[in-house]
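Asker: Please read through the structure below; I'll follow up with questions.
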Amino acid sequence: MTSSFIEIRDIRKDYGPITAVQDVTLDIRKGEFMTFLGPSGSGKSTTLYMLAGFENPTSGDIRVDGKSLIEIPSHKRNIGMVFQRYTLFPHLTVGENVAFPLRIRRLPKAEIETKVKEALRLVRLEGFEDRKPALMSGGQQHRVALARALIYDPPVLLMDEPLSALDKKLREEIQFEIRRIHRETGVTILYVTHDQEEALRLSDRIAVFSHGRIDQIGSGQTLYAEPATRFVAGFIGDSNFIDAEIVEAQGSSARVRLQGGVEVTGVPLHSRSEGTKASLLLRPERIELRKAANDGRNLSGTIRDLTFLGNNTDILVDLSKGGSVSVRLPFGHPMLQGLSTAANVDLVFDPAGAHVFQA
Ligand SMILES: Nc1ncnc2c1ncn2[C@@H]1O[C@H](COP(=O)(O)OP(=O)(O)O)[C@@H](O)[C@H]1O
Ligand SMILES: [Mg+2]
């Protein structure tokens, strides 16, 4: 017995010669907000469609509350959906749209009316029953779609890039509403996005997809601080990768040699082979700049560009032996005083906050 509510076991989906999803195994707790994050074509939607019942896995099993879904048709799975291809009916009013799932289930008229009111209150659209969707803003239409998906209290809600067509401000507003609704209803949500910021804002845990597989599953904090692969490191948070060589591996940390013979010890290691070419991950916000000491103990370079971005200033440094590194300092940071292009600087970082990946 596990405590997981949704169990995805080794599912695979082939379309002829194309493998869209493979080796995907995942446990989701009741009430959890789980996000599938990854680039376009990485298998996120296909995985969600197999949960929804729009597609059948080539192999593997999906269980909800201990029962396999595989033989159950889509409309009997009791799963709410907010998909872009599953939009509002334009000829129906808001009330009729929201009532639709209950009409299909043949609930009594009075009960439908009460539930429509409740669902519209949940998405803060009380009194909009008679409005046609075309006369509402994009954000309001999304909330109608949410109300329609939630009206029959499904234990699971699937959302496939529901906000990708909206502008940033509206997207953030609806993200906030989705979080509130998740808290208020306790519904288990599986959410698909290619936007790391959206994933970090919304999720309890994130599954990072790459080429049809899951590279890593964890909280946003874990993925940022302990990325399991170079792909995850590059996808969550901003990153610099610079060439490195693993000189010595001791347990889970390494001594690495960087350009110009600079050596650093105690770098978290994600590869076991010594003497191999590797990449060192440095987060832009975890690098300090010092006046160049020219003692060969640190990476050094020349400032090419400073970009003021409000909260932060981004500083692009050309390394003295080739390549460049981006450094980010918060507004008003004392190190910014006196920094200008063409200045020679040393780059100092805590090795424990960096990571080495085999190239
Ligand atoms: N119906 C289909 N027929 C053939 N290939 C498909 C089909 N659906 C998806 N694929 C392929 O499967 C891969 C994963 O697609 P998808 O799950 O839509 O990715 P994502 O949602 O992460 O962008 C892609 O290479 C895509 O081209
Ligand atoms: Mg998709």
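Labeling convention for the structure tokens: chains A, B, ... as they appear, residues from 1 per chain, ligands from 1 in order of appearance.
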Taking only C-alpha atoms and all ligand atoms into account, which residues have an atom no farther than 8 Å from ligand 1? I'd like them as an NGL selection string.

Answerer: :A and (14-16 or 18-21 or 37-47 or 192 or 194 or 209 or 211-212)

Asker: As a CSV table (one decimal) with C-alpha atoms, in the first residue's frame, please: the residues near Phe54 (chain A) (cut-off 7 Å, only C-alpha atoms, same-chain neighbours under 3 positions excluded).

Answerer:
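Output (selection-v2.csv):
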chain,number,residue,atom,x,y,z
A,49,TYR,CA,-4.1,12.8,-22.4
A,50,MET,CA,-3.5,9.3,-21.2
A,74,SER,CA,-12.8,9.2,-20.9

Asker: How far is it from CA of Thr307 (chain A) to CA of Pro330 (chain A), in Å with one decimal?

Answerer: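 Rounded to one decimal, the two atoms are 11.8 Å apart.
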
Asker: As a ChimeraX atom specification, please: the residues near Ser326 (chain A) (cut-off 7 Å, only C-alpha atoms, same-chain neighbours under 4 positions excluded).

Answerer: /A:240,284,314-317

Asker: Filtering to N, CA and C atoms, could you give me those residues as a PDB file, in the first residue's frame?

Answerer:
ATOM      1  N   ASN A 240      24.834  29.473 -16.000  1.00  0.00           N
ATOM      2  CA  ASN A 240      26.013  29.525 -16.856  1.00  0.00           C
ATOM      3  C   ASN A 240      26.631  28.137 -16.824  1.00  0.00           C
ATOM      4  N   PRO A 284      23.879  32.741 -12.015  1.00  0.00           N
ATOM      5  CA  PRO A 284      24.299  34.153 -12.108  1.00  0.00           C
ATOM      6  C   PRO A 284      24.199  34.909 -10.778  1.00  0.00           C
ATOM      7  N   ASP A 314      22.215  42.857 -14.662  1.00  0.00           N
ATOM      8  CA  ASP A 314      22.926  41.723 -15.245  1.00  0.00           C
ATOM      9  C   ASP A 314      24.252  42.208 -15.804  1.00  0.00           C
ATOM     10  N   ILE A 315      25.298  41.455 -15.476  1.00  0.00           N
ATOM     11  CA  ILE A 315      26.640  41.854 -15.888  1.00  0.00           C
ATOM     12  C   ILE A 315      27.246  40.719 -16.697  1.00  0.00           C
ATOM     13  N   LEU A 316      27.603  41.011 -17.927  1.00  0.00           N
ATOM     14  CA  LEU A 316      28.190  39.990 -18.784  1.00  0.00           C
ATOM     15  C   LEU A 316      29.704  40.128 -18.740  1.00  0.00           C
ATOM     16  N   VAL A 317      30.358  39.035 -18.331  1.00  0.00           N
ATOM     17  CA  VAL A 317      31.816  39.063 -18.190  1.00  0.00           C
ATOM     18  C   VAL A 317      32.443  38.118 -19.215  1.00  0.00           C
TER      19      VAL A 317
END

Asker: Please identify all polymer residues within 10 Å of Glu226 (chain A), counting only C-alpha atoms, omitting same-chain residues fewer than 2 positions from it, and present them as a list in words.

Answerer: Gly218, Gly220, Gln221, Thr222, Leu223, Tyr224, Ala228, Thr229, Val232, Ala233, Pro268, His270, Gly353, Ala354 and His355 of chain A

Asker: Neighbouring residues of Gln140 (chain A) were defined as those with any atom within 12 Å, considering only C-alpha atoms; residues of the same chain fewer than 3 positions away were excluded. Please report them as a list in words.

Answerer: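 After dropping sequence-adjacent residues, the list is Leu88, Val94, Leu120, Val123, Arg124, Leu125, Glu126, Phe128, Arg131, Lys132, Pro133, Ala134, Leu135, Met136, Ser137, Arg143, Val144, Ala145, Leu146, Ala147, Leu166, Leu170, Arg171, Glu173, Ile174 and Glu177 of chain A.
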
Asker: With C-alpha atoms retained, export the selected residues as a compact mmCIF listing (two decimals), in the first residue's frame.

Answerer:
# COMPACT_ATOMS: atom_id res chain seq x y z
CA LEU A 88 -16.44 27.22 -24.00
CA VAL A 94 -22.05 31.29 -18.93
CA LEU A 120 -19.49 30.79 -10.18
CA VAL A 123 -14.32 31.60 -9.46
CA ARG A 124 -15.66 35.01 -8.39
CA LEU A 125 -18.15 35.41 -11.25
CA GLU A 126 -21.40 35.66 -9.26
CA PHE A 128 -22.68 36.33 -14.76
CA ARG A 131 -23.72 36.57 -20.17
CA LYS A 132 -22.40 35.08 -23.44
CA PRO A 133 -18.68 34.16 -23.37
CA ALA A 134 -17.92 36.52 -26.29
CA LEU A 135 -18.86 39.48 -24.07
CA MET A 136 -16.31 38.58 -21.40
CA SER A 137 -12.56 39.19 -21.09
CA ARG A 143 -12.60 31.33 -14.96
CA VAL A 144 -15.81 30.08 -16.59
CA ALA A 145 -13.86 27.12 -17.99
CA LEU A 146 -12.50 26.45 -14.50
CA ALA A 147 -16.00 26.60 -12.99
CA LEU A 166 -2.61 35.31 -22.05
CA LEU A 170 -3.56 38.38 -16.63
CA ARG A 171 -1.62 35.13 -16.37
CA GLU A 173 -3.88 37.06 -11.81
CA ILE A 174 -5.33 33.71 -12.88
CA GLU A 177 -6.95 32.32 -8.53

Asker: Could you check how far CA of Leu202 (chain A) sits from CA of Arg183 (chain A), in Å to one decimal?

Answerer: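 Interatomic distance, CA of Leu202 (chain A) to CA of Arg183 (chain A): 11.2 Å.
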
Asker: One decimal, in Å: what's the spacing between CA of Ser279 (chain A) and CA of Val247 (chain A)?

Answerer: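 A separation of 12.8 Å between them.
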
Asker: So which residues touch Arg9 (chain A) within 6 Å, counting only C-alpha atoms, skipping near sequence neighbours fewer than 5 positions away, as a list in words?

Answerer: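 Selected residues are Thr25, Gly60 and Asp61 of chain A.
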
Asker: Between A:Asp318, A:Asp195, A:Glu285, A:Asp160, which one has atoms that come closest to ligand 2, using only C-alpha atoms and all ligand atoms?

Answerer: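 Smallest distance to ligand 2 is found for A:Asp160.
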
Asker: Measuring between only C-alpha atoms and all ligand atoms, which one of A:Thr193, A:Thr302, A:Thr58, A:Thr35 shows the shortest distance to ligand 2?

Answerer: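 Using only C-alpha atoms and all ligand atoms, the shortest distance to ligand 2 belongs to A:Thr193.
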
Asker: Which of these, A:Asp215, A:Gln84, A:Ile242, A:Lys168, has the shortest distance to ligand 2 once you count only C-alpha atoms and all ligand atoms?

Answerer: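 Among A:Asp215, A:Gln84, A:Ile242, A:Lys168, it is A:Gln84 that comes nearest to ligand 2.
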
Asker: Choose the residue, out of A:Ile11, A:Asp23, A:Glu32, A:Ser239, that has the smallest atom-to-atom separation from Asn56 (chain A); count only C-alpha atoms.

Answerer: A:Ile11

Asker: Determine, counting only C-alpha atoms, which protein, DNA and RNA residues have an atom within 10 Å of an atom of Asp350 (chain A); residues of the same chain fewer than 6 positions away are not included. Present the result as a list in words.

Answerer: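 The neighbour list is Val264, Thr265, Gly266, Val267, Leu282, Arg286, Ile287 and Glu288 of chain A.
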
Asker: Would you mind exporting the chosen residues as a tab-separated table (two decimals), in the first residue's frame, restricted to C-alpha atoms?

Answerer:
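again-v1.tsv was written with the following content:
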chain	number	residue	atom	x	y	z
A	264	VAL	CA	38.02	24.51	-6.93
A	265	THR	CA	37.26	21.79	-4.39
A	266	GLY	CA	34.03	20.58	-2.83
A	267	VAL	CA	31.79	20.99	-5.87
A	282	LEU	CA	27.22	28.58	-11.96
A	286	ARG	CA	25.60	33.19	-6.80
A	287	ILE	CA	28.72	34.82	-8.20
A	288	GLU	CA	30.56	37.73	-6.61

Asker: Which residue gives the smallest distance to ligand 2 among A:Asn311, A:Ser164, A:Gln250, A:Asn294, with only C-alpha atoms and all ligand atoms counted?

Answerer: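 Smallest distance to ligand 2 is found for A:Ser164.
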
Asker: Per DSSP on the backbone, what are the strand (DSSP E or B) residues of region 116-174 of chain A, as a list of chain:residue names?

Answerer: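 The strand (DSSP E or B) residues within region 116-174 of chain A come out as A:Val156, A:Leu157, A:Leu158, A:Met159, A:Asp160.
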
Asker: I need the chosen residues saved as a CSV table (one decimal), in the first residue's frame, with N, CA and C atoms.

Answerer:
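Result file selection10.csv:
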chain,number,residue,atom,x,y,z
A,156,VAL,N,-9.9,15.0,-9.4
A,156,VAL,CA,-8.7,15.3,-10.2
A,156,VAL,C,-9.0,16.3,-11.2
A,157,LEU,N,-8.1,17.3,-11.4
A,157,LEU,CA,-8.3,18.3,-12.4
A,157,LEU,C,-7.0,18.4,-13.3
A,158,LEU,N,-7.2,18.2,-14.6
A,158,LEU,CA,-6.1,18.3,-15.5
A,158,LEU,C,-6.1,19.6,-16.2
A,159,MET,N,-5.0,20.3,-16.3
A,159,MET,CA,-4.9,21.6,-17.0
A,159,MET,C,-3.7,21.5,-18.0
A,160,ASP,N,-4.0,21.7,-19.3
A,160,ASP,CA,-2.9,21.7,-20.3
A,160,ASP,C,-2.6,23.1,-20.8

Asker: Tell me which of A:Pro162, A:Gly261, A:Pro334, A:Gly237 sits closest to ligand 2, counting only C-alpha atoms and all ligand atoms.

Answerer: A:Pro162
